[in-house]
file work.txt (compact mmCIF, C-alpha atoms)
# COMPACT_ATOMS: atom_id res chain seq x y z
CA MET A 583 28.16 -162.75 13.68
CA VAL A 584 25.81 -165.71 14.08
CA LYS A 585 27.57 -168.57 15.84
CA THR A 586 27.24 -172.24 14.98
CA LYS A 587 25.83 -174.08 17.99
CA ILE A 588 27.07 -177.61 18.60
CA LEU A 589 25.54 -180.06 21.04
CA TYR A 590 27.89 -182.85 22.11
CA VAL A 591 26.38 -186.05 23.51
CA VAL A 592 28.59 -188.25 25.70
CA PRO A 593 28.05 -191.06 28.26
CA ASN A 594 29.54 -188.89 31.04
CA LEU A 595 32.54 -186.58 31.53
CA LYS A 596 34.86 -189.21 33.02
CA ARG A 597 38.54 -188.49 32.41
CA CYS A 598 39.31 -190.89 29.54
CA GLY A 599 40.45 -190.78 25.92
CA PRO A 600 37.24 -189.65 24.16
CA ILE A 601 36.45 -187.04 26.83
CA ASN A 602 40.01 -185.70 26.71
CA ILE A 603 39.57 -185.28 22.97
CA LEU A 604 36.27 -183.47 23.54
CA TYR A 605 37.95 -181.25 26.12
CA ASN A 606 40.65 -180.23 23.62
CA LEU A 607 37.96 -179.58 21.05
CA ALA A 608 36.00 -177.36 23.46
CA LYS A 609 39.19 -175.61 24.56
CA TYR A 610 40.58 -174.71 21.15
CA ILE A 611 37.50 -174.32 18.95
CA ASP A 612 37.01 -170.81 17.57
CA LYS A 613 34.80 -169.19 20.23
CA ASP A 614 33.91 -166.35 17.86
CA ASN A 615 32.21 -168.83 15.54
CA TYR A 616 31.03 -171.67 17.78
CA GLU A 617 29.02 -172.21 20.97
CA ILE A 618 29.38 -175.47 22.89
CA TYR A 619 26.65 -177.43 24.70
CA ILE A 620 27.26 -180.85 26.27
CA VAL A 621 24.76 -183.51 27.33
CA SER A 622 25.96 -186.27 29.68
CA LEU A 623 23.65 -189.26 29.64
CA SER A 624 24.66 -190.85 32.95
CA PRO A 625 25.66 -189.59 36.43
CA GLN A 626 29.16 -188.20 36.77
CA VAL A 627 31.82 -190.39 38.33
CA GLU A 628 34.65 -189.62 40.74
CA ASN A 629 37.26 -188.64 38.15
CA THR A 630 34.98 -186.33 36.15
CA ARG A 631 36.17 -183.30 34.15
CA GLU A 632 32.84 -181.53 34.65
CA ASP A 633 34.30 -178.45 36.39
CA GLU A 634 36.99 -178.13 33.73
CA PHE A 635 34.35 -177.99 30.99
CA LYS A 636 32.41 -175.39 32.98
CA ASN A 637 35.56 -173.28 33.23
CA LEU A 638 35.76 -173.31 29.43
CA GLY A 639 32.29 -171.74 29.29
CA CYS A 640 30.47 -174.86 28.04
CA LYS A 641 26.81 -175.19 28.95
CA LEU A 642 26.32 -178.61 30.55
CA TYR A 643 23.27 -180.84 30.92
CA ASN A 644 23.29 -184.08 32.91
CA LEU A 645 20.38 -186.46 32.35
CA ASN A 646 21.45 -188.79 35.21
CA LEU A 647 20.08 -191.86 33.46
CA SER A 648 21.31 -195.43 33.79
CA LYS A 649 22.86 -197.11 30.75
CA ILE A 650 19.63 -198.93 29.91
CA LYS A 651 17.34 -195.94 30.56
CA SER A 652 19.53 -193.63 28.47
CA ILE A 653 19.10 -195.89 25.43
CA PHE A 654 15.31 -195.78 25.67
CA CYS A 655 14.57 -192.43 27.32
CA ALA A 656 17.30 -189.96 26.36
CA ARG A 657 16.39 -189.25 22.73
CA ARG A 658 13.44 -187.03 23.58
CA LYS A 659 15.41 -185.16 26.26
CA VAL A 660 18.35 -184.56 23.90
CA TYR A 661 15.96 -183.39 21.20
CA GLU A 662 14.33 -180.93 23.63
CA ILE A 663 17.72 -179.54 24.70
CA ALA A 664 18.71 -179.12 21.05
CA LYS A 665 15.43 -177.34 20.27
CA GLU A 666 15.61 -175.13 23.39
CA ASN A 667 19.09 -173.90 22.43
CA ASN A 668 18.45 -173.78 18.67
CA VAL A 669 21.54 -175.89 17.99
CA ASP A 670 22.82 -176.54 14.47
CA ILE A 671 24.79 -179.78 14.87
CA ILE A 672 24.58 -182.75 17.24
CA HIS A 673 27.93 -184.52 17.69
CA SER A 674 27.97 -187.89 19.49
CA HIS A 675 30.87 -189.81 21.05
CA GLY A 676 30.33 -193.48 21.93
CA LEU A 677 27.83 -196.27 21.34
CA ARG A 678 24.94 -194.99 23.49
CA PRO A 679 25.27 -191.40 22.23
CA ASP A 680 25.40 -192.73 18.66
CA ILE A 681 22.21 -194.73 19.21
CA ILE A 682 20.45 -191.55 20.32
CA ASN A 683 21.98 -189.37 17.60
CA SER A 684 20.97 -191.84 14.88
CA LYS A 685 17.29 -191.41 15.85
CA ILE A 686 17.16 -187.61 15.97
CA LYS A 687 15.55 -185.86 13.02
CA ASN A 688 15.73 -182.27 11.72
CA TYR A 689 19.34 -181.70 12.87
CA LYS A 690 22.71 -182.16 11.22
CA THR A 691 24.41 -185.10 12.93
CA ILE A 692 28.02 -186.24 13.24
CA SER A 693 29.75 -188.99 15.20
CA THR A 694 33.35 -189.63 16.19
CA LEU A 695 34.21 -193.32 16.13
CA HIS A 696 36.87 -193.80 18.82
CA ASN A 697 37.54 -197.50 18.23
CA TYR A 698 37.29 -200.36 15.78
CA PRO A 699 34.05 -201.98 16.99
CA TYR A 700 34.72 -205.45 15.57
CA ASP A 701 37.83 -205.87 17.77
CA ASP A 702 37.11 -203.64 20.75
CA TYR A 703 33.65 -204.96 21.66
CA LYS A 704 34.74 -208.60 21.55
CA MET A 705 37.44 -207.86 24.14
CA ALA A 706 35.08 -205.74 26.23
CA TYR A 707 31.94 -207.91 26.18
CA GLY A 708 32.99 -211.36 24.93
CA LYS A 709 32.73 -212.84 21.45
CA PHE A 710 28.96 -213.28 21.20
CA ILE A 711 27.74 -210.02 22.74
CA GLY A 712 30.70 -208.17 21.24
CA TYR A 713 29.76 -209.38 17.76
CA ILE A 714 26.16 -208.26 18.19
CA ALA A 715 27.21 -204.87 19.63
CA SER A 716 29.67 -204.21 16.80
CA ARG A 717 27.14 -205.10 14.09
CA TYR A 718 24.50 -202.92 15.73
CA HIS A 719 26.89 -199.96 16.16
CA VAL A 720 27.90 -200.10 12.51
CA LYS A 721 24.24 -200.30 11.49
CA ILE A 722 23.19 -197.18 13.40
CA LEU A 723 26.18 -195.19 12.11
CA LYS A 724 24.57 -195.35 8.68
CA ASN A 725 21.77 -193.13 10.02
CA ILE A 726 24.18 -190.35 11.07
CA ASP A 727 25.02 -187.69 8.46
CA LYS A 728 28.80 -187.81 8.91
CA VAL A 729 31.01 -190.31 10.75
CA CYS A 730 34.66 -189.49 11.49
CA ALA A 731 37.05 -192.13 12.76
CA CYS A 732 39.69 -190.86 15.20
CA SER A 733 42.48 -192.21 12.99
CA LYS A 734 43.08 -193.05 9.34
CA SER A 735 43.79 -196.66 10.27
CA ILE A 736 40.31 -197.05 11.80
CA LYS A 737 38.82 -195.51 8.66
CA ASP A 738 40.80 -197.96 6.50
CA MET A 739 39.67 -200.96 8.59
CA MET A 740 36.05 -199.81 8.30
CA ASP A 741 36.51 -199.33 4.54
CA ASN A 742 37.65 -202.95 4.34
CA LYS A 743 34.29 -203.89 5.85
CA GLY A 744 32.53 -201.94 3.11
CA ILE A 745 31.69 -199.01 5.41
CA ASN A 746 32.87 -195.70 3.96
CA ILE A 747 33.54 -193.04 6.62
CA ASP A 748 35.73 -189.98 7.07
CA TYR A 749 38.43 -189.38 9.68
CA VAL A 750 39.97 -186.68 11.87
CA LYS A 751 43.09 -187.73 13.72
CA ASN A 752 43.15 -187.27 17.48
CA GLY A 753 45.36 -184.46 18.72
CA VAL A 754 47.18 -183.80 22.00
CA ASP A 755 47.36 -180.50 23.86
CA ASP A 756 51.03 -179.68 23.33
CA LYS A 757 50.69 -176.64 25.58
CA VAL A 758 50.08 -179.00 28.53
CA PHE A 759 52.29 -181.93 27.55
CA THR A 760 55.52 -180.07 26.87
CA PRO A 761 59.08 -181.40 26.38
CA THR A 762 61.01 -182.08 29.55
CA ASN A 763 64.69 -181.58 30.41
CA GLU A 764 67.10 -183.40 32.73
CA ASN A 765 66.79 -180.88 35.57
CA GLU A 766 63.00 -181.11 35.54
CA LYS A 767 63.18 -184.91 35.32
CA TYR A 768 65.46 -185.05 38.37
CA TYR A 769 63.17 -182.78 40.39
CA LEU A 770 60.03 -184.73 39.45
CA ARG A 771 61.59 -188.09 40.29
CA LYS A 772 62.37 -186.83 43.78
CA LYS A 773 58.86 -185.40 44.14
CA LEU A 774 57.16 -188.60 42.90
CA ASN A 775 59.44 -190.93 44.85
CA LEU A 776 60.87 -192.56 41.72
CA PRO A 777 64.44 -193.87 41.33
CA ILE A 778 66.73 -191.00 40.38
CA SER A 779 69.28 -192.76 38.19
CA ASP A 780 67.36 -195.78 36.79
CA ARG A 781 65.98 -196.02 33.27
CA ILE A 782 62.21 -195.61 33.71
CA PHE A 783 59.55 -196.98 31.34
CA ILE A 784 55.98 -195.80 31.82
CA VAL A 785 52.67 -197.45 30.94
CA ILE A 786 49.44 -195.43 31.14
CA GLY A 787 45.86 -196.60 30.75
CA GLU A 788 43.04 -198.67 32.10
CA PHE A 789 43.80 -202.17 33.31
CA ASN A 790 41.78 -204.47 31.04
CA ILE A 791 42.19 -207.32 28.56
CA ARG A 792 42.57 -204.97 25.59
CA LYS A 793 45.60 -203.23 27.11
CA ASN A 794 47.39 -206.61 27.41
CA LEU A 795 49.49 -205.44 30.37
CA SER A 796 50.46 -208.95 31.47
CA LEU A 797 52.91 -209.09 28.55
CA ILE A 798 54.82 -206.06 29.87
CA ILE A 799 54.84 -207.42 33.42
CA ASP A 800 56.21 -210.78 32.30
CA CYS A 801 58.79 -209.03 30.14
CA PHE A 802 60.21 -206.99 33.00
CA LYS A 803 60.12 -209.96 35.37
CA ASN A 804 62.30 -211.83 32.87
CA ARG A 805 64.62 -208.92 32.08
CA ASN A 806 65.27 -208.52 35.81
CA ASN A 807 67.58 -205.56 35.22
CA ARG A 808 68.12 -203.67 38.48
CA ASP A 809 68.67 -200.41 36.61
CA GLU A 810 65.30 -200.60 34.83
CA LYS A 811 61.90 -199.77 36.30
CA VAL A 812 58.46 -199.93 34.69
CA VAL A 813 55.79 -197.68 36.20
CA PHE A 814 52.08 -198.43 35.64
CA ILE A 815 49.60 -195.55 35.86
CA GLY A 816 45.89 -196.37 35.97
CA ASN A 817 43.30 -198.69 37.42
CA GLY A 818 40.63 -201.07 36.21
CA LYS A 819 39.25 -204.59 36.15
CA THR A 820 42.60 -206.40 35.93
CA TYR A 821 44.52 -204.15 38.33
CA GLU A 822 44.64 -206.56 41.29
CA GLN A 823 45.46 -209.45 38.98
CA SER A 824 48.37 -207.46 37.53
CA VAL A 825 49.72 -206.61 40.98
CA LYS A 826 49.63 -210.30 41.94
CA GLN A 827 51.31 -211.25 38.66
CA SER A 828 54.24 -208.92 39.41
CA LYS A 829 54.94 -210.87 42.64
CA GLU A 830 56.26 -207.68 44.26
CA ASN A 831 59.10 -207.49 41.76
CA PRO A 832 61.11 -204.36 42.72
CA ASN A 833 61.43 -203.39 39.04
CA ILE A 834 57.64 -203.12 38.62
CA ILE A 835 55.87 -200.14 40.22
CA PHE A 836 52.10 -199.55 40.41
CA LYS A 837 50.88 -196.01 41.10
CA GLY A 838 47.15 -196.46 40.46
CA ARG A 839 45.06 -193.62 39.07
CA VAL A 840 46.73 -190.19 39.35
CA GLU A 841 45.75 -186.63 38.43
CA ASN A 842 49.29 -185.49 37.51
CA VAL A 843 49.91 -187.75 34.51
CA ASP A 844 52.02 -185.06 32.86
CA GLU A 845 54.49 -185.10 35.77
CA TYR A 846 54.90 -188.88 35.61
CA LEU A 847 55.52 -188.63 31.88
CA LYS A 848 58.15 -185.96 32.33
CA ALA A 849 59.86 -188.07 34.99
CA SER A 850 60.10 -191.07 32.63
CA ASP A 851 62.45 -192.06 29.80
CA TYR A 852 60.36 -194.34 27.56
CA TYR A 853 56.70 -195.18 27.00
CA ILE A 854 55.34 -198.70 26.33
CA SER A 855 51.96 -199.81 24.99
CA SER A 856 51.17 -203.49 24.38
CA SER A 857 47.53 -202.86 23.39
CA LEU A 858 45.70 -205.35 21.21
CA ALA A 859 43.40 -202.62 19.82
CA GLU A 860 43.23 -198.81 19.93
CA GLY A 861 41.66 -195.85 18.16
CA LEU A 862 44.52 -193.35 18.19
CA PRO A 863 45.68 -193.49 21.82
CA ASN A 864 45.93 -190.19 23.70
CA SER A 865 48.50 -191.52 26.15
CA VAL A 866 50.93 -192.28 23.31
CA LEU A 867 50.41 -188.79 21.86
CA GLU A 868 50.92 -187.25 25.30
CA ALA A 869 54.16 -189.18 25.75
CA MET A 870 55.47 -188.08 22.36
CA SER A 871 54.49 -184.47 23.00
CA THR A 872 56.58 -184.68 26.19
CA GLY A 873 59.49 -185.95 24.09
CA ILE A 874 59.38 -189.56 25.31
CA PRO A 875 60.28 -192.26 22.76
CA CYS A 876 57.62 -194.96 22.41
CA ILE A 877 57.74 -198.74 22.15
CA LEU A 878 54.39 -199.89 20.75
CA SER A 879 52.54 -203.02 19.68
CA ASN A 880 52.26 -203.40 15.92
CA ILE A 881 48.54 -202.66 15.59
CA PRO A 882 47.47 -200.28 12.75
CA PRO A 883 46.84 -197.15 14.90
CA HIS A 884 50.33 -197.46 16.42
CA GLU A 885 51.84 -197.97 12.98
CA GLU A 886 50.11 -194.75 11.94
CA ILE A 887 51.93 -192.83 14.69
CA LEU A 888 55.50 -194.12 14.58
CA ASN A 889 57.99 -193.27 11.87
CA ASP A 890 60.47 -196.01 12.85
CA LYS A 891 58.68 -199.35 12.46
CA ASN A 892 61.51 -201.03 14.40
CA GLN A 893 59.92 -199.55 17.53
CA LEU A 894 56.92 -201.86 17.01
CA PHE A 895 56.53 -205.39 18.39
CA ASN A 896 54.12 -208.32 18.25
CA PRO A 897 51.78 -207.90 21.27
CA LYS A 898 51.73 -211.66 21.77
CA ASP A 899 55.51 -212.11 21.84
CA MET A 900 57.28 -211.19 25.08
CA LYS A 901 60.74 -211.89 23.65
CA GLU A 902 60.08 -209.57 20.74
CA LEU A 903 59.06 -206.83 23.17
CA SER A 904 62.33 -207.30 25.06
CA LYS A 905 64.34 -207.13 21.81
CA THR A 906 62.46 -203.99 20.79
CA ILE A 907 63.26 -202.37 24.14
CA ASP A 908 66.94 -203.17 23.60
CA TYR A 909 66.81 -201.68 20.10
CA VAL A 910 65.15 -198.44 21.19
CA VAL A 911 67.43 -197.81 24.18
CA SER A 912 70.45 -198.31 21.91
CA LYS A 913 69.36 -195.40 19.69
CA ASP A 914 70.42 -191.77 20.16
CA TYR A 915 67.94 -190.50 22.77
CA GLN A 916 67.97 -186.86 21.70
CA CYS A 917 67.22 -187.80 18.08
CA LEU A 918 64.30 -189.97 19.17
CA LYS A 919 63.02 -187.17 21.39
CA LYS A 920 63.17 -184.64 18.55
CA GLU A 921 61.31 -186.99 16.18
CA CYS A 922 58.52 -187.42 18.75
CA ILE A 923 58.03 -183.69 19.23
CA LEU A 924 58.08 -182.95 15.49
CA THR A 925 55.49 -185.67 14.79
CA ILE A 926 53.10 -184.04 17.26
CA GLU A 927 53.75 -180.52 16.00
CA ASN A 928 53.31 -181.48 12.35
CA THR A 929 50.26 -183.75 12.44
CA LEU A 930 48.92 -184.68 15.87
CA SER A 931 48.41 -181.49 17.89
CA ALA A 932 45.04 -180.52 19.37
CA SER A 933 45.02 -177.27 17.38
CA LYS A 934 45.32 -179.16 14.07
CA MET A 935 42.61 -181.58 15.14
CA VAL A 936 40.23 -178.71 15.95
CA VAL A 937 40.82 -177.02 12.59
CA ASN A 938 39.96 -180.30 10.87
CA TYR A 939 36.75 -180.69 12.90
CA GLU A 940 35.74 -177.11 12.13
CA ALA A 941 36.10 -177.94 8.44
CA LYS A 942 33.87 -181.00 8.89
CA TYR A 943 31.23 -178.89 10.67
CA GLU A 944 31.25 -176.32 7.87
CA SER A 945 30.90 -178.97 5.16
CA LEU A 946 28.10 -180.66 7.14
CA LEU A 947 26.10 -177.42 7.30
CA LYS A 948 26.25 -177.15 3.51
CA ILE A 949 24.64 -180.56 2.94
call {"tool": "encode", "arguments": {"input": "work.txt", "output": "structure tokens"}}
result
Amino acid sequence: MVKTKILYVVPNLKRCGPINILYNLAKYIDKDNYEIYIVSLSPQVENTREDEFKNLGCKLYNLNLSKIKSIFCARRKVYEIAKENNVDIIHSHGLRPDIINSKIKNYKTISTLHNYPYDDYKMAYGKFIGYIASRYHVKILKNIDKVCACSKSIKDMMDNKGINIDYVKNGVDDKVFTPTNENEKYYLRKKLNLPISDRIFIVIGEFNIRKNLSLIIDCFKNRNNRDEKVVFIGNGKTYEQSVKQSKENPNIIFKGRVENVDEYLKASDYYISSSLAEGLPNSVLEAMSTGIPCILSNIPPHEEILNDKNQLFNPKDMKELSKTIDYVVSKDYQCLKKECILTIENTLSASKMVVNYEAKYESLLKI
């Protein structure tokens, strides 16, 4: 049987949302029908998943170009790699990969849009540069054969801008992020040096303006409940600022970047996200797959995930977050846990995501 060869283009293989999605795609795609090649534009960083992709049998290429050089010099190199391996489809993830993919001729092209550019780039680069970057990204997407948003809500927001695209919902590896039980939770809390009997809320992600973590910190400083702890996992630009903001409050714990995210999830009781913008956040899906009820800001991608809208709050209202926490902890925990797991199994698993991407690849080849 002749296999379909897919060349993925990414900035690098840093452990983050889009690369975790790519990893699940490479892990669960039908190996009898597909071969995977991956081009990284820039040098690998400390928390790379490069070895993990190699272990899946992916053929990797690293161009080791700076951000600026990759925009101007990578197209020819990517084209040569595609030609050398006789690939059928080039699939890009991210702004720089999309720029390159939009300029490549004679190949079927597809992009995954992992964010809503009009919001995300303003928070990342400032209003002026963010506006220019978002307009440019949307413009180049029109030169790619198929564009799939990572959530229906992102597709709908793009539709409202007059840009018609498709979507494939992100999916979590529910064979890695599995439901926990009380015995396992007790053991993990001892191992991770977390309070055994307290109610633990967990927050996972990069420390930046978009994640809006100061709201959660202020909320727990004001709640000041000795039996509650909030644990932050991650690092980033606003990390030191967040630590200072907590003023060494004993209810607020910072663990930095960790490799064993699944263990911290299984040791926790509830997940919180106060994000101002998202695509379809992996950390939320991972929490739900572990059976952890979520308390989320009322942005469209979060609304797409949760069945109970009462678990949503205004990300600019600390008091509303506190009220939402009180509401969620008053609910039957086992019922909430079951709802989380069923949501993942029914619509948001990695295996379902991969089947949907395979269908997109097949339809693209017929164009």
call {"tool": "atom_distance", "arguments": {"input": "work.txt", "atom1": "atom CA of A:Arg597", "atom2": "atom CA of A:Thr630"}}
result
5.6 Å
call {"tool": "closest_atom_pairs", "arguments": {"input": "work.txt", "of": "stretch 648-711 of chain A", "to": "stretch 748-751 of chain A", "cutoff": "12 Å", "atoms": "all atoms listed in the file", "output": "JSON lines"}}
result
{"residue": "A:Ile692", "atom": "CA", "partner": "A:Asp748", "partner_atom": "CA", "distance": 10.6}
{"residue": "A:Ser693", "atom": "CA", "partner": "A:Asp748", "partner_atom": "CA", "distance": 10.1}
{"residue": "A:Thr694", "atom": "CA", "partner": "A:Tyr749", "partner_atom": "CA", "distance": 8.3}
{"residue": "A:Leu695", "atom": "CA", "partner": "A:Tyr749", "partner_atom": "CA", "distance": 8.7}
{"residue": "A:His696", "atom": "CA", "partner": "A:Lys751", "partner_atom": "CA", "distance": 10.1}
{"residue": "A:Asn697", "atom": "CA", "partner": "A:Tyr749", "partner_atom": "CA", "distance": 11.8}
call {"tool": "closest_residue", "arguments": {"input": "work.txt", "among": "A:Asn725, A:Ser855, A:Asn646, A:Ser733", "to": "A:Gly787", "atoms": "all atoms listed in the file"}}
result
A:Ser855
call {"tool": "closest_residue", "arguments": {"input": "work.txt", "among": "A:Ile949, A:Ile681, A:Ile874, A:Ala941", "to": "A:Ile611", "atoms": "all atoms listed in the file"}}
result
A:Ala941
call {"tool": "closest_residue", "arguments": {"input": "work.txt", "among": "A:Val621, A:Ala608, A:Ile686, A:Met870", "to": "A:Leu930", "atoms": "only C-alpha atoms"}}
result
A:Met870
